[in-house]
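Source file: coords-v1.txt. Holds: compact mmCIF, C-alpha atoms.
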```txt
# COMPACT_ATOMS: atom_id res chain seq x y z
CA MET Z 5 -13.13 25.19 29.76
CA LYS Z 6 -11.02 22.05 29.28
CA ASP Z 7 -11.86 18.44 28.45
CA THR Z 8 -9.15 15.80 28.77
CA GLY Z 9 -9.03 13.38 25.87
CA SER Z 10 -8.00 9.74 25.96
CA ALA Z 11 -4.43 10.66 25.00
CA GLY Z 12 -4.09 13.00 28.00
CA VAL Z 13 -4.33 16.15 25.88
CA ALA Z 14 -6.45 18.94 27.36
CA ARG Z 15 -9.04 20.13 24.82
CA VAL Z 16 -9.78 23.82 25.15
CA VAL Z 17 -13.47 24.70 24.90
CA THR Z 18 -14.37 28.27 24.00
CA GLY Z 19 -17.61 30.21 24.22
CA GLN Z 20 -19.58 31.96 26.92
CA GLY Z 21 -17.69 32.00 30.21
CA ALA Z 22 -14.48 30.57 28.78
CA GLY Z 23 -12.66 33.85 29.31
CA ARG Z 24 -9.21 35.05 28.46
CA ARG Z 25 -7.45 31.99 29.83
CA ALA Z 26 -8.99 29.85 27.10
CA ALA Z 27 -7.73 32.30 24.49
CA ARG Z 28 -4.22 32.15 25.99
CA LEU Z 29 -4.27 28.33 25.96
CA LEU Z 30 -5.40 28.29 22.34
CA HIS Z 31 -2.68 30.77 21.45
CA ARG Z 32 -0.13 28.48 23.13
CA ALA Z 33 -1.48 25.46 21.26
CA ARG Z 34 -1.29 27.32 17.94
CA GLU Z 35 2.30 28.43 18.54
CA ALA Z 36 3.28 24.85 19.37
CA ARG Z 37 1.59 23.60 16.23
CA LEU Z 38 3.43 26.13 14.06
CA ALA Z 39 6.73 25.19 15.68
CA GLY Z 40 6.06 21.49 15.19
CA GLU Z 41 6.21 20.87 18.94
CA ARG Z 42 4.06 18.69 21.19
CA SER Z 43 1.69 20.50 23.51
CA GLY Z 44 -0.39 19.48 26.51
CA VAL Z 45 -3.31 21.54 25.25
CA ALA Z 46 -5.22 21.49 21.98
CA PRO Z 47 -8.43 22.92 20.57
CA ARG Z 48 -11.58 20.84 20.09
CA ALA Z 49 -11.03 17.81 17.83
CA GLU Z 50 -12.75 19.34 14.78
CA ILE Z 51 -10.78 22.58 15.19
CA ASP Z 52 -7.59 20.57 15.75
CA ALA Z 53 -8.15 18.73 12.45
CA SER Z 54 -8.78 22.04 10.67
CA TRP Z 55 -5.58 23.55 12.08
CA ASP Z 56 -3.66 20.55 10.71
CA ARG Z 57 -5.10 21.14 7.24
CA VAL Z 58 -4.40 24.86 7.42
CA VAL Z 59 -0.80 24.39 8.57
CA ARG Z 60 -0.19 21.99 5.68
CA SER Z 61 -1.61 24.53 3.23
CA GLY Z 62 0.89 27.17 4.41
CA ILE Z 63 -1.53 29.72 5.86
CA ASP Z 64 0.22 32.42 7.93
CA PRO Z 65 -1.64 33.13 11.21
CA ASP Z 66 -0.60 36.78 10.90
CA GLN Z 67 -1.87 37.25 7.36
CA SER Z 68 -4.85 39.39 6.47
CA PRO Z 69 -8.15 37.65 5.66
CA GLU Z 70 -8.42 39.83 2.56
CA SER Z 71 -8.94 38.12 -0.79
CA GLU Z 72 -9.49 39.26 -4.35
CA LEU Z 73 -13.23 39.80 -4.77
CA LEU Z 74 -15.20 38.34 -7.64
CA ARG Z 75 -16.51 40.82 -10.17
CA ALA Z 76 -20.17 41.77 -9.92
CA ASP Z 77 -21.09 39.92 -13.11
CA GLU Z 78 -19.37 36.76 -11.87
CA ILE Z 79 -21.22 36.97 -8.55
CA GLU Z 80 -24.51 37.33 -10.41
CA HIS Z 81 -23.65 34.38 -12.67
CA ARG Z 82 -22.93 32.19 -9.65
CA ARG Z 83 -26.16 33.28 -7.99
CA ARG Z 84 -28.15 32.22 -11.04
CA SER Z 85 -26.25 28.92 -11.27
CA THR Z 86 -27.12 27.63 -7.80
CA ALA Z 87 -30.36 26.36 -6.32
CA LEU Z 88 -29.63 28.55 -3.28
CA GLY Z 89 -30.92 31.58 -5.19
CA GLU Z 90 -34.46 30.17 -5.12
CA LEU Z 91 -34.09 29.52 -1.39
CA MET Z 92 -33.03 33.02 -0.36
CA PRO Z 93 -36.57 34.10 0.73
CA LEU Z 94 -36.65 31.12 3.12
CA LEU Z 95 -33.12 31.78 4.38
CA ARG Z 96 -33.87 35.45 4.92
CA SER Z 97 -37.04 34.71 6.88
CA GLY Z 98 -35.35 31.95 8.88
CA LEU Z 99 -31.98 33.53 9.64
CA ALA Z 100 -31.48 37.10 8.46
CA SER Z 101 -34.03 38.67 10.80
CA ILE Z 102 -32.65 36.72 13.77
CA ALA Z 103 -29.09 37.65 12.84
CA ASP Z 104 -30.08 41.30 12.65
CA ALA Z 105 -31.67 41.21 16.11
CA ALA Z 106 -28.61 39.42 17.55
CA GLN Z 107 -26.18 41.94 16.03
CA GLN Z 108 -24.88 39.38 13.58
CA ILE Z 109 -25.08 38.81 9.82
CA MET Z 110 -26.21 35.92 7.65
CA VAL Z 111 -23.75 34.83 4.96
CA VAL Z 112 -24.45 32.39 2.11
CA THR Z 113 -21.62 30.97 -0.02
CA ASP Z 114 -21.22 28.63 -2.97
CA THR Z 115 -19.29 25.34 -2.91
CA GLU Z 116 -15.97 27.17 -3.31
CA GLY Z 117 -16.58 29.29 -0.22
CA ARG Z 118 -17.25 32.44 -2.23
CA VAL Z 119 -19.71 34.79 -0.54
CA LEU Z 120 -22.78 35.27 -2.75
CA TRP Z 121 -25.18 36.93 -0.30
CA ARG Z 122 -24.95 38.59 3.12
CA GLN Z 123 -27.55 40.38 5.19
CA GLY Z 124 -28.06 41.48 8.79
CA ASP Z 125 -27.09 44.16 11.30
CA THR Z 126 -25.88 47.31 9.54
CA GLY Z 127 -23.09 47.96 12.01
CA VAL Z 128 -21.79 44.40 11.75
CA LEU Z 129 -21.90 44.61 7.95
CA ARG Z 130 -19.58 47.62 8.20
CA ARG Z 131 -17.25 45.77 10.56
CA ALA Z 132 -17.30 42.74 8.26
CA HIS Z 133 -15.74 44.93 5.57
CA ASP Z 134 -12.59 45.10 7.73
CA ILE Z 135 -12.13 41.32 7.53
CA CYS Z 136 -13.27 41.04 3.90
CA LEU Z 137 -16.45 39.18 4.81
CA GLU Z 138 -18.28 40.64 1.85
CA GLU Z 139 -19.83 39.53 -1.41
CA GLY Z 140 -17.32 37.88 -3.73
CA ALA Z 141 -14.74 37.16 -1.02
CA ALA Z 142 -13.05 33.75 -0.59
CA TRP Z 143 -13.65 31.95 2.72
CA ALA Z 144 -12.42 28.43 2.01
CA GLU Z 145 -9.84 27.15 4.53
CA ALA Z 146 -7.08 27.36 1.92
CA ALA Z 147 -7.73 31.12 1.62
CA THR Z 148 -8.74 32.25 5.12
CA GLY Z 149 -7.69 29.46 7.47
CA THR Z 150 -9.97 27.88 10.06
CA ASN Z 151 -13.39 29.54 9.98
CA ALA Z 152 -16.94 28.19 10.09
CA ILE Z 153 -17.59 28.57 6.34
CA GLY Z 154 -14.32 27.04 5.17
CA THR Z 155 -14.23 24.32 7.82
CA ALA Z 156 -17.84 23.30 7.13
CA LEU Z 157 -16.86 23.04 3.46
CA ALA Z 158 -13.82 20.91 4.26
CA ALA Z 159 -15.45 18.63 6.84
CA ARG Z 160 -18.96 18.63 5.26
CA VAL Z 161 -20.52 19.01 8.73
CA PRO Z 162 -22.05 21.92 10.70
CA ILE Z 163 -19.50 23.69 12.88
CA GLN Z 164 -19.13 26.70 15.16
CA VAL Z 165 -15.81 28.55 15.34
CA HIS Z 166 -15.30 31.09 18.10
CA SER Z 167 -12.66 33.72 18.75
CA ALA Z 168 -9.13 32.23 19.04
CA GLU Z 169 -10.24 29.00 17.38
CA HIS Z 170 -9.87 30.95 14.12
CA PHE Z 171 -6.37 30.28 12.82
CA ILE Z 172 -5.82 33.82 11.53
CA ARG Z 173 -5.39 36.26 14.42
CA ALA Z 174 -7.32 39.00 12.65
CA LEU Z 175 -10.48 36.88 13.09
CA HIS Z 176 -10.14 36.36 16.85
CA GLY Z 177 -12.69 39.09 17.50
CA TRP Z 178 -15.38 37.11 15.63
CA THR Z 179 -17.67 34.14 16.18
CA CYS Z 180 -19.37 32.16 13.39
CA ALA Z 181 -21.55 29.10 12.88
CA ALA Z 182 -22.09 27.41 9.51
CA ALA Z 183 -23.86 24.40 8.04
CA PRO Z 184 -23.65 22.76 4.60
CA VAL Z 185 -26.70 22.62 2.32
CA ARG Z 186 -27.05 19.58 0.04
CA ASP Z 187 -29.28 18.88 -2.92
CA PRO Z 188 -31.52 16.01 -1.73
CA ARG Z 189 -31.97 14.83 -5.33
CA ASP Z 190 -28.38 13.64 -5.62
CA GLY Z 191 -26.66 14.48 -2.32
CA ARG Z 192 -24.32 17.06 -3.87
CA LEU Z 193 -23.19 20.00 -1.74
CA ILE Z 194 -24.66 23.24 -3.11
CA GLY Z 195 -23.40 25.80 -0.58
CA ILE Z 196 -22.93 26.96 2.99
CA VAL Z 197 -25.21 28.97 5.27
CA ASP Z 198 -23.46 30.94 8.03
CA ILE Z 199 -24.14 33.40 10.83
CA SER Z 200 -21.21 35.58 11.90
CA GLY Z 201 -20.74 38.43 14.32
CA PRO Z 202 -18.48 39.96 16.96
CA ALA Z 203 -17.17 37.44 19.50
CA SER Z 204 -19.30 39.09 22.20
CA THR Z 205 -22.45 37.90 20.37
CA PHE Z 206 -21.59 34.20 20.79
CA HIS Z 207 -24.49 31.95 21.76
CA PRO Z 208 -24.27 28.13 21.98
CA ALA Z 209 -27.66 27.69 20.28
CA THR Z 210 -26.58 29.50 17.11
CA LEU Z 211 -25.17 26.36 15.47
CA ALA Z 212 -28.40 24.41 16.04
CA LEU Z 213 -30.36 27.29 14.54
CA VAL Z 214 -28.18 27.49 11.43
CA ASP Z 215 -28.26 23.73 10.93
CA SER Z 216 -32.05 23.65 11.30
CA VAL Z 217 -32.49 26.33 8.66
CA ALA Z 218 -30.08 24.48 6.34
CA ARG Z 219 -32.23 21.36 6.73
CA LEU Z 220 -35.36 23.44 6.03
CA ALA Z 221 -33.70 24.66 2.83
CA GLU Z 222 -33.02 21.07 1.78
CA GLY Z 223 -36.63 20.20 2.57
CA GLU Z 224 -37.81 23.06 0.36
CA ILE Z 225 -35.72 21.69 -2.53
CA ARG Z 226 -37.30 18.28 -1.95
CA VAL Z 227 -40.82 19.71 -1.97
CA ARG Z 228 -40.16 21.63 -5.19
CA HIS Z 229 -38.69 18.53 -6.78
CA LEU Z 230 -41.77 16.48 -5.90
CA ALA Z 231 -43.92 19.18 -7.50
CA GLU Z 232 -41.76 19.02 -10.64
CA ILE Z 233 -42.06 15.22 -10.70
CA GLU Z 234 -45.84 15.53 -10.40
CA ARG Z 235 -45.99 17.96 -13.32
CA LEU Z 236 -43.84 15.62 -15.40
CA ARG Z 237 -46.10 12.70 -14.45
CA SER Z 238 -49.20 14.58 -15.59
CA VAL Z 239 -47.60 15.17 -18.99
CA ALA Z 240 -46.16 11.66 -19.36
CA ALA Z 241 -49.11 9.56 -18.15
CA PRO Z 242 -51.30 10.05 -21.27
CA ILE Z 243 -48.31 9.29 -23.49
CA LEU Z 244 -47.40 6.11 -21.63
CA CYS Z 245 -50.99 4.90 -21.88
CA ARG Z 246 -50.66 4.82 -25.67
CA ILE Z 247 -47.29 3.08 -25.73
CA GLY Z 248 -47.06 -0.67 -26.10
CA GLY Z 249 -44.11 -2.25 -24.38
CA ARG Z 250 -41.73 -0.95 -21.77
CA ALA Z 251 -41.31 2.78 -21.22
CA LEU Z 252 -40.73 5.26 -18.44
CA ALA Z 253 -40.59 9.00 -17.85
CA VAL Z 254 -37.77 10.41 -15.74
CA ASP Z 255 -36.64 13.89 -14.80
CA VAL Z 256 -33.25 15.30 -15.81
CA HIS Z 257 -31.69 13.60 -12.77
CA GLY Z 258 -33.11 10.21 -13.78
CA ARG Z 259 -35.76 10.21 -11.02
CA LEU Z 260 -38.84 8.22 -11.98
CA ALA Z 261 -42.10 10.05 -12.72
CA ALA Z 262 -44.11 7.31 -14.47
CA VAL Z 263 -43.60 3.82 -15.88
CA THR Z 264 -45.44 1.24 -17.96
CA GLY Z 265 -44.74 -2.38 -18.87
CA MET Z 266 -41.91 -2.86 -16.35
CA PRO Z 267 -41.19 -2.71 -12.60
CA PRO Z 268 -40.62 0.82 -11.25
CA VAL Z 269 -37.14 2.01 -10.30
CA ASP Z 270 -36.22 4.90 -8.01
CA ARG Z 271 -33.66 6.29 -10.39
CA LEU Z 272 -32.49 5.52 -13.92
CA PRO Z 273 -28.75 6.16 -14.44
CA LEU Z 274 -28.42 8.56 -17.36
CA PRO Z 275 -25.36 9.59 -19.39
CA LYS Z 276 -23.95 13.00 -18.48
CA SER Z 277 -24.76 14.32 -21.94
CA LEU Z 278 -28.07 12.82 -23.03
CA ARG Z 279 -29.58 13.70 -26.40
CA PRO Z 280 -32.79 12.65 -28.16
CA GLY Z 281 -32.53 9.56 -30.31
CA GLN Z 282 -31.34 6.01 -29.85
CA VAL Z 283 -29.20 5.54 -26.75
CA TRP Z 284 -27.73 2.48 -25.12
CA LEU Z 285 -28.49 2.46 -21.38
CA PRO Z 286 -26.66 -0.31 -19.48
CA SER Z 287 -29.65 -1.08 -17.23
CA LEU Z 288 -32.19 -1.30 -20.09
CA GLY Z 289 -30.33 -1.89 -23.34
CA MET Z 290 -31.06 0.07 -26.51
CA CYS Z 291 -33.67 2.79 -25.93
CA GLN Z 292 -35.39 5.57 -27.82
CA VAL Z 293 -35.16 8.83 -25.88
CA GLU Z 294 -37.44 11.81 -26.42
CA PRO Z 295 -37.57 15.11 -24.51
CA LEU Z 296 -40.47 15.98 -22.22
CA PRO Z 297 -41.06 19.21 -20.28
CA GLY Z 298 -38.71 18.78 -17.31
CA GLY Z 299 -37.42 15.35 -18.27
CA TRP Z 300 -37.21 12.48 -20.75
CA LEU Z 301 -39.42 9.78 -22.21
CA VAL Z 302 -37.42 6.55 -22.43
CA ARG Z 303 -38.82 3.72 -24.56
CA VAL Z 304 -37.03 0.37 -24.42
CA ASP Z 305 -36.22 -1.14 -27.80
CA GLU Z 306 -38.14 -4.43 -27.77
CA GLY Z 307 -36.01 -5.70 -30.63
CA GLY Z 308 -33.68 -7.14 -28.02
CA GLY Z 309 -30.01 -6.89 -28.85
CA GLU Z 310 -30.41 -5.85 -32.47
CA GLY Z 311 -28.83 -2.49 -31.81
CA ALA Z 312 -26.23 -3.67 -29.32
CA PRO Z 313 -22.56 -3.37 -30.28
CA ARG Z 314 -21.23 -6.55 -31.90
CA ARG Z 315 -17.61 -5.52 -32.42
CA VAL Z 316 -15.11 -4.34 -29.83
CA VAL Z 317 -11.75 -2.77 -30.66
CA LEU Z 318 -9.39 -2.49 -27.69
CA ASP Z 319 -6.90 0.22 -28.66
CA LEU Z 320 -3.66 -0.08 -26.63
CA SER Z 321 -1.47 1.53 -29.26
CA ARG Z 322 -0.99 4.77 -27.34
CA PRO Z 323 -0.28 4.43 -23.59
CA ARG Z 324 -1.71 7.88 -22.84
CA ALA Z 325 -4.86 7.39 -24.90
CA LEU Z 326 -6.15 3.95 -23.97
CA ALA Z 327 -9.62 3.37 -25.36
CA VAL Z 328 -12.21 0.84 -26.42
CA ARG Z 329 -14.41 1.32 -29.48
CA LEU Z 330 -17.80 -0.37 -29.71
CA THR Z 331 -19.44 -0.80 -33.12
CA GLY Z 332 -22.93 -2.07 -33.95
CA PRO Z 333 -25.80 -1.62 -36.40
CA LEU Z 334 -26.58 1.82 -34.97
CA GLY Z 335 -23.06 3.20 -35.22
CA SER Z 336 -20.02 3.30 -32.96
CA ARG Z 337 -18.85 4.98 -29.79
CA THR Z 338 -15.49 5.25 -28.05
CA GLN Z 339 -14.86 4.96 -24.30
CA ARG Z 340 -11.59 6.15 -22.74
CA LEU Z 341 -10.01 3.65 -20.35
CA SER Z 342 -8.00 3.90 -17.18
CA PRO Z 343 -4.81 1.78 -17.11
CA ARG Z 344 -6.47 -0.67 -14.71
CA HIS Z 345 -9.53 -1.13 -16.95
CA ALA Z 346 -7.26 -1.54 -19.96
CA GLU Z 347 -5.41 -4.32 -18.11
CA LEU Z 348 -8.69 -6.00 -17.24
CA LEU Z 349 -10.03 -5.96 -20.78
CA TYR Z 350 -6.70 -7.15 -22.12
CA ALA Z 351 -6.81 -10.12 -19.73
CA LEU Z 352 -10.24 -11.04 -21.12
CA THR Z 353 -8.88 -10.95 -24.68
CA VAL Z 354 -6.04 -13.27 -23.65
CA HIS Z 355 -8.58 -15.67 -22.11
CA PRO Z 356 -11.65 -15.51 -24.38
CA GLN Z 357 -13.19 -18.52 -22.65
CA GLY Z 358 -13.66 -16.34 -19.56
CA ARG Z 359 -12.09 -15.84 -16.13
CA THR Z 360 -13.35 -16.16 -12.59
CA ALA Z 361 -12.77 -13.33 -10.13
CA SER Z 362 -9.92 -15.32 -8.59
CA GLU Z 363 -8.30 -15.91 -11.97
CA LEU Z 364 -8.59 -12.24 -12.90
CA ALA Z 365 -7.05 -11.30 -9.55
CA ARG Z 366 -4.08 -13.50 -10.44
CA ASP Z 367 -3.89 -11.95 -13.91
CA LEU Z 368 -3.92 -8.38 -12.58
CA PHE Z 369 -2.22 -8.59 -9.19
CA GLY Z 370 -0.55 -11.99 -9.01
CA ASP Z 371 -2.74 -12.62 -5.97
CA PRO Z 372 -5.87 -14.79 -6.40
CA THR Z 373 -7.29 -13.58 -3.07
CA ARG Z 374 -7.93 -10.01 -4.29
CA THR Z 375 -11.37 -10.86 -5.62
CA VAL Z 376 -13.13 -7.94 -3.91
CA THR Z 377 -10.98 -5.46 -5.83
CA VAL Z 378 -11.55 -7.31 -9.09
CA ARG Z 379 -15.32 -7.40 -8.65
CA ALA Z 380 -15.37 -3.67 -7.87
CA GLU Z 381 -13.34 -2.85 -10.98
CA VAL Z 382 -15.51 -5.04 -13.22
CA SER Z 383 -18.62 -3.40 -11.76
CA ARG Z 384 -17.26 0.06 -12.63
CA LEU Z 385 -16.35 -1.10 -16.14
CA ARG Z 386 -19.78 -2.62 -16.74
CA ARG Z 387 -21.41 0.76 -16.13
CA HIS Z 388 -20.13 1.71 -19.58
CA LEU Z 389 -19.69 -1.68 -21.30
CA ALA Z 390 -22.49 -3.84 -19.94
CA GLU Z 391 -23.73 -4.54 -23.46
CA VAL Z 392 -20.55 -6.44 -24.41
CA LEU Z 393 -19.37 -7.89 -21.07
CA ALA Z 394 -20.83 -11.08 -19.61
CA HIS Z 395 -20.17 -12.63 -16.21
CA ARG Z 396 -20.04 -16.07 -14.56
CA PRO Z 397 -17.36 -16.23 -15.80
CA TYR Z 398 -16.22 -12.73 -16.81
CA ARG Z 399 -15.86 -12.61 -20.59
CA PHE Z 400 -16.90 -10.83 -23.74
CA GLY Z 401 -20.47 -11.69 -24.68
CA ASP Z 402 -21.40 -14.38 -27.17
CA GLY Z 403 -21.17 -13.20 -30.76
CA VAL Z 404 -19.02 -10.16 -29.91
CA GLU Z 405 -16.01 -9.84 -32.22
CA VAL Z 406 -12.95 -8.55 -30.39
CA GLU Z 407 -9.82 -6.95 -31.87
CA VAL Z 408 -6.76 -5.66 -30.00
CA ILE Z 409 -4.63 -2.87 -31.48
CA ARG Z 410 -1.17 -3.23 -29.96
CA PRO Z 411 1.64 -0.64 -29.98
CA GLU Z 412 4.29 -0.90 -32.66
CA HIS Z 413 6.93 -2.07 -30.16
CA HIS Z 414 6.04 -4.90 -27.78
CA ALA Z 415 7.71 -3.11 -24.85
CA ASP Z 416 5.15 -0.30 -25.17
CA LEU Z 417 2.21 -2.59 -24.35
CA LEU Z 418 0.83 -0.86 -21.24
CA PRO Z 419 4.44 0.04 -20.38
CA HIS Z 420 3.79 1.02 -16.75
CA SER Z 421 1.72 -2.06 -15.99
CA MET Z 422 3.01 -4.68 -13.57
CA ALA Z 423 0.01 -6.98 -14.09
CA PRO Z 424 1.34 -10.53 -14.64
CA VAL Z 425 -0.84 -11.04 -17.73
CA VAL Z 426 0.70 -7.94 -19.35
CA VAL Z 427 4.26 -8.64 -18.19
CA GLU Z 428 4.04 -12.16 -19.62
CA ALA Z 429 2.73 -10.80 -22.96
CA ARG Z 430 5.64 -8.34 -23.22
CA ARG Z 431 8.12 -11.08 -22.33
CA ALA Z 432 6.69 -13.54 -24.85
CA ALA Z 433 6.66 -10.93 -27.61
CA GLY Z 434 10.25 -9.98 -26.88
CA ALA Z 435 11.39 -13.59 -27.07
CA THR Z 436 10.07 -14.06 -30.62
```
Turn the structure described in the file into structure tokens.
Amino acid sequence: MKDTGSAGVARVVTGQGAGRRAARLLHRAREARLAGERSGVAPRAEIDASWDRVVRSGIDPDQSPESELLRADEIEHRRRSTALGELMPLLRSGLASIADAAQQIMVVTDTEGRVLWRQGDTGVLRRAHDICLEEGAAWAEAATGTNAIGTALAARVPIQVHSAEHFIRALHGWTCAAAPVRDPRDGRLIGIVDISGPASTFHPATLALVDSVARLAEGEIRVRHLAEIERLRSVAAPILCRIGGRALAVDVHGRLAAVTGMPPVDRLPLPKSLRPGQVWLPSLGMCQVEPLPGGWLVRVDEGGGEGAPRRVVLDLSRPRALAVRLTGPLGSRTQRLSPRHAELLYALTVHPQGRTASELARDLFGDPTRTVTVRAEVSRLRRHLAEVLAHRPYRFGDGVEVEVIRPEHHADLLPHSMAPVVVEARRAAGAT
């Protein structure tokens, strides 16, 4: 019932055989936490961390778990917007029938902890109404305290929450086990799968079952994606055979389906909003992009840098709208800048001959040893400006014309910046 941690705190373990004493110890630990007092007992480490988050969010342990339900049309919209909808037959066959037999219910939520589907024992579904465990309800930790759905969302790991481990007292008669489901194509969380029921239905194997089914769901997404890639490949292969030069076909996530004239890549980074036509891709240069069923045909412009931007305008005139504008033969585009990236680009305009990582660290932080930070920031900046930024040393590329638009008053040049290169520029301007 209790495990003693390295700090001498007794961790209370709940579940089968734990009994009422465990519930009393958890109640004592919760009261101490609410009062801001030290206690010799505490829940399991993952529950302890959840309680800390819940206390900071201001959840009242005596509040009702009720929440305002989503409207039916909003629930349906969210169902259609998630990949989980296509996986419901698998989830039902893997969990719902078992939940029904075990007098529990299966619950599936989106990434906000909103219940989109539930199924299982009829009697438990009726009881779930009393705690607002129904379609459209909010079960994130910030709404309903420590619970398997919300805590799995917060911690991004499978978890089982039993009886008095729930922070809200109204949930102490329940047990639940939940696991996150991720999209294997990009690793994004797409929802939570949960089994819940009366506390008397607790079983230690429930969490392993839920997690296994969540992994099966991810595997199903992977299989479907491979089938989509194969269909895209069958469409793209004849086209690529007729293309001279470098080209590749990728799905909407940038995953490679086919390639010609160049080494294969696992994934091609694509802009968030990609449209047909000429597009500059940092990893390839200027490309011609055309739609394919389920993806894109990307042809590399073999004209070299003919379409690359040749003029850069660094606009520092408005501190809240820092931007850089790139102009070339194919038009212009504007990229918003963070204050740090604006400082970095400004330093390169002050030193057009180029700067080493150590010199840039001195320009930005006054500390030449902070080269790791500088390299990371330059790497982030090059994702958007690789066509105009060179390295070894860091500088604007050869033949790139650079203009800086400064604010009307010298004191307004990146006014919140403490970077030495900016401070010195403001000082020098003020002295003239």
In terms of the shortest atom-to-atom distance over all atoms listed in the file, which of Z:Met266, Z:Arg96, Z:Ala168, Z:Gly89 is closest to Z:Arg32?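 Looking only at the distances to Z:Arg32, the closest residue turns out to be Z:Ala168.
Nearest to Z:Val119 of all the residues Z:Pro268, Z:Ser71, Z:Arg131, Z:Ala203 is Z:Ser71, counting only C-alpha atoms.
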So that I can check the surroundings of Z:Gly124, please list as a tab-separated table (two decimals) with C-alpha atoms, keeping the file's coordinate frame every protein, DNA and RNA residue that reaches within 8 Å of it, counting only C-alpha atoms and ignoring chain neighbours fewer than 3 positions away.
```tsv
chain	number	residue	atom	x	y	z
Z	100	ALA	CA	-31.48	37.10	8.46
Z	101	SER	CA	-34.03	38.67	10.80
Z	103	ALA	CA	-29.09	37.65	12.84
Z	104	ASP	CA	-30.08	41.30	12.65
Z	107	GLN	CA	-26.18	41.94	16.03
Z	108	GLN	CA	-24.88	39.38	13.58
Z	109	ILE	CA	-25.08	38.81	9.82
Z	110	MET	CA	-26.21	35.92	7.65
Z	128	VAL	CA	-21.79	44.40	11.75
Z	129	LEU	CA	-21.90	44.61	7.95
```
Using all atoms listed in the file, pick whichever of Z:Ser321, Z:Thr353, Z:Ser54, Z:Thr373 has the shortest atom-to-atom distance to Z:Thr155.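 Result for the nearest residue to Z:Thr155: Z:Ser54.
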Excluding Z:Ser167 and residues on its chain fewer than 5 positions from it, collect all residues at most 6 Å away from it, counting all atoms listed in the file, and give them as a PyMOL selection string. chain Z and resi 176-179+203
Please produce a file of those selected residues containing C-alpha atoms, as an mmCIF file, in the coordinates of the input.
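For reference, selection.cif as written:
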```
data_model
loop_
_atom_site.group_PDB
_atom_site.id
_atom_site.type_symbol
_atom_site.label_atom_id
_atom_site.label_comp_id
_atom_site.auth_asym_id
_atom_site.auth_seq_id
_atom_site.Cartn_x
_atom_site.Cartn_y
_atom_site.Cartn_z
ATOM 1 C CA HIS Z 176 -10.140 36.360 16.850
ATOM 2 C CA GLY Z 177 -12.690 39.090 17.500
ATOM 3 C CA TRP Z 178 -15.380 37.110 15.630
ATOM 4 C CA THR Z 179 -17.670 34.140 16.180
ATOM 5 C CA ALA Z 203 -17.170 37.440 19.500
#
```
Do you know which residues are at most 10 Å from Z:Met92 counting all atoms listed in the file, after dropping those on the same chain fewer than 4 positions away, and could you put them as a list in words? Ala87, Leu88, Arg96, Ser97, Gly98, Ala100, Val112, Trp121 and Ala221 of chain Z
Output of the above residues as an mmCIF file, in the frame of the given file, restricted to C-alpha atoms:
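In the end it all went to part.cif:
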```cif
data_model
loop_
_atom_site.group_PDB
_atom_site.id
_atom_site.type_symbol
_atom_site.label_atom_id
_atom_site.label_comp_id
_atom_site.auth_asym_id
_atom_site.auth_seq_id
_atom_site.Cartn_x
_atom_site.Cartn_y
_atom_site.Cartn_z
ATOM 1 C CA ALA Z 87 -30.360 26.360 -6.320
ATOM 2 C CA LEU Z 88 -29.630 28.550 -3.280
ATOM 3 C CA ARG Z 96 -33.870 35.450 4.920
ATOM 4 C CA SER Z 97 -37.040 34.710 6.880
ATOM 5 C CA GLY Z 98 -35.350 31.950 8.880
ATOM 6 C CA ALA Z 100 -31.480 37.100 8.460
ATOM 7 C CA VAL Z 112 -24.450 32.390 2.110
ATOM 8 C CA TRP Z 121 -25.180 36.930 -0.300
ATOM 9 C CA ALA Z 221 -33.700 24.660 2.830
#
```
Counting all atoms listed in the file, note down every residue that has an atom within 9 Å of the point (-43.1, 17.6, -16.0) (file coordinates), as an MDAnalysis selection string. chainID Z and resid 231:240 254:255 261 296:299
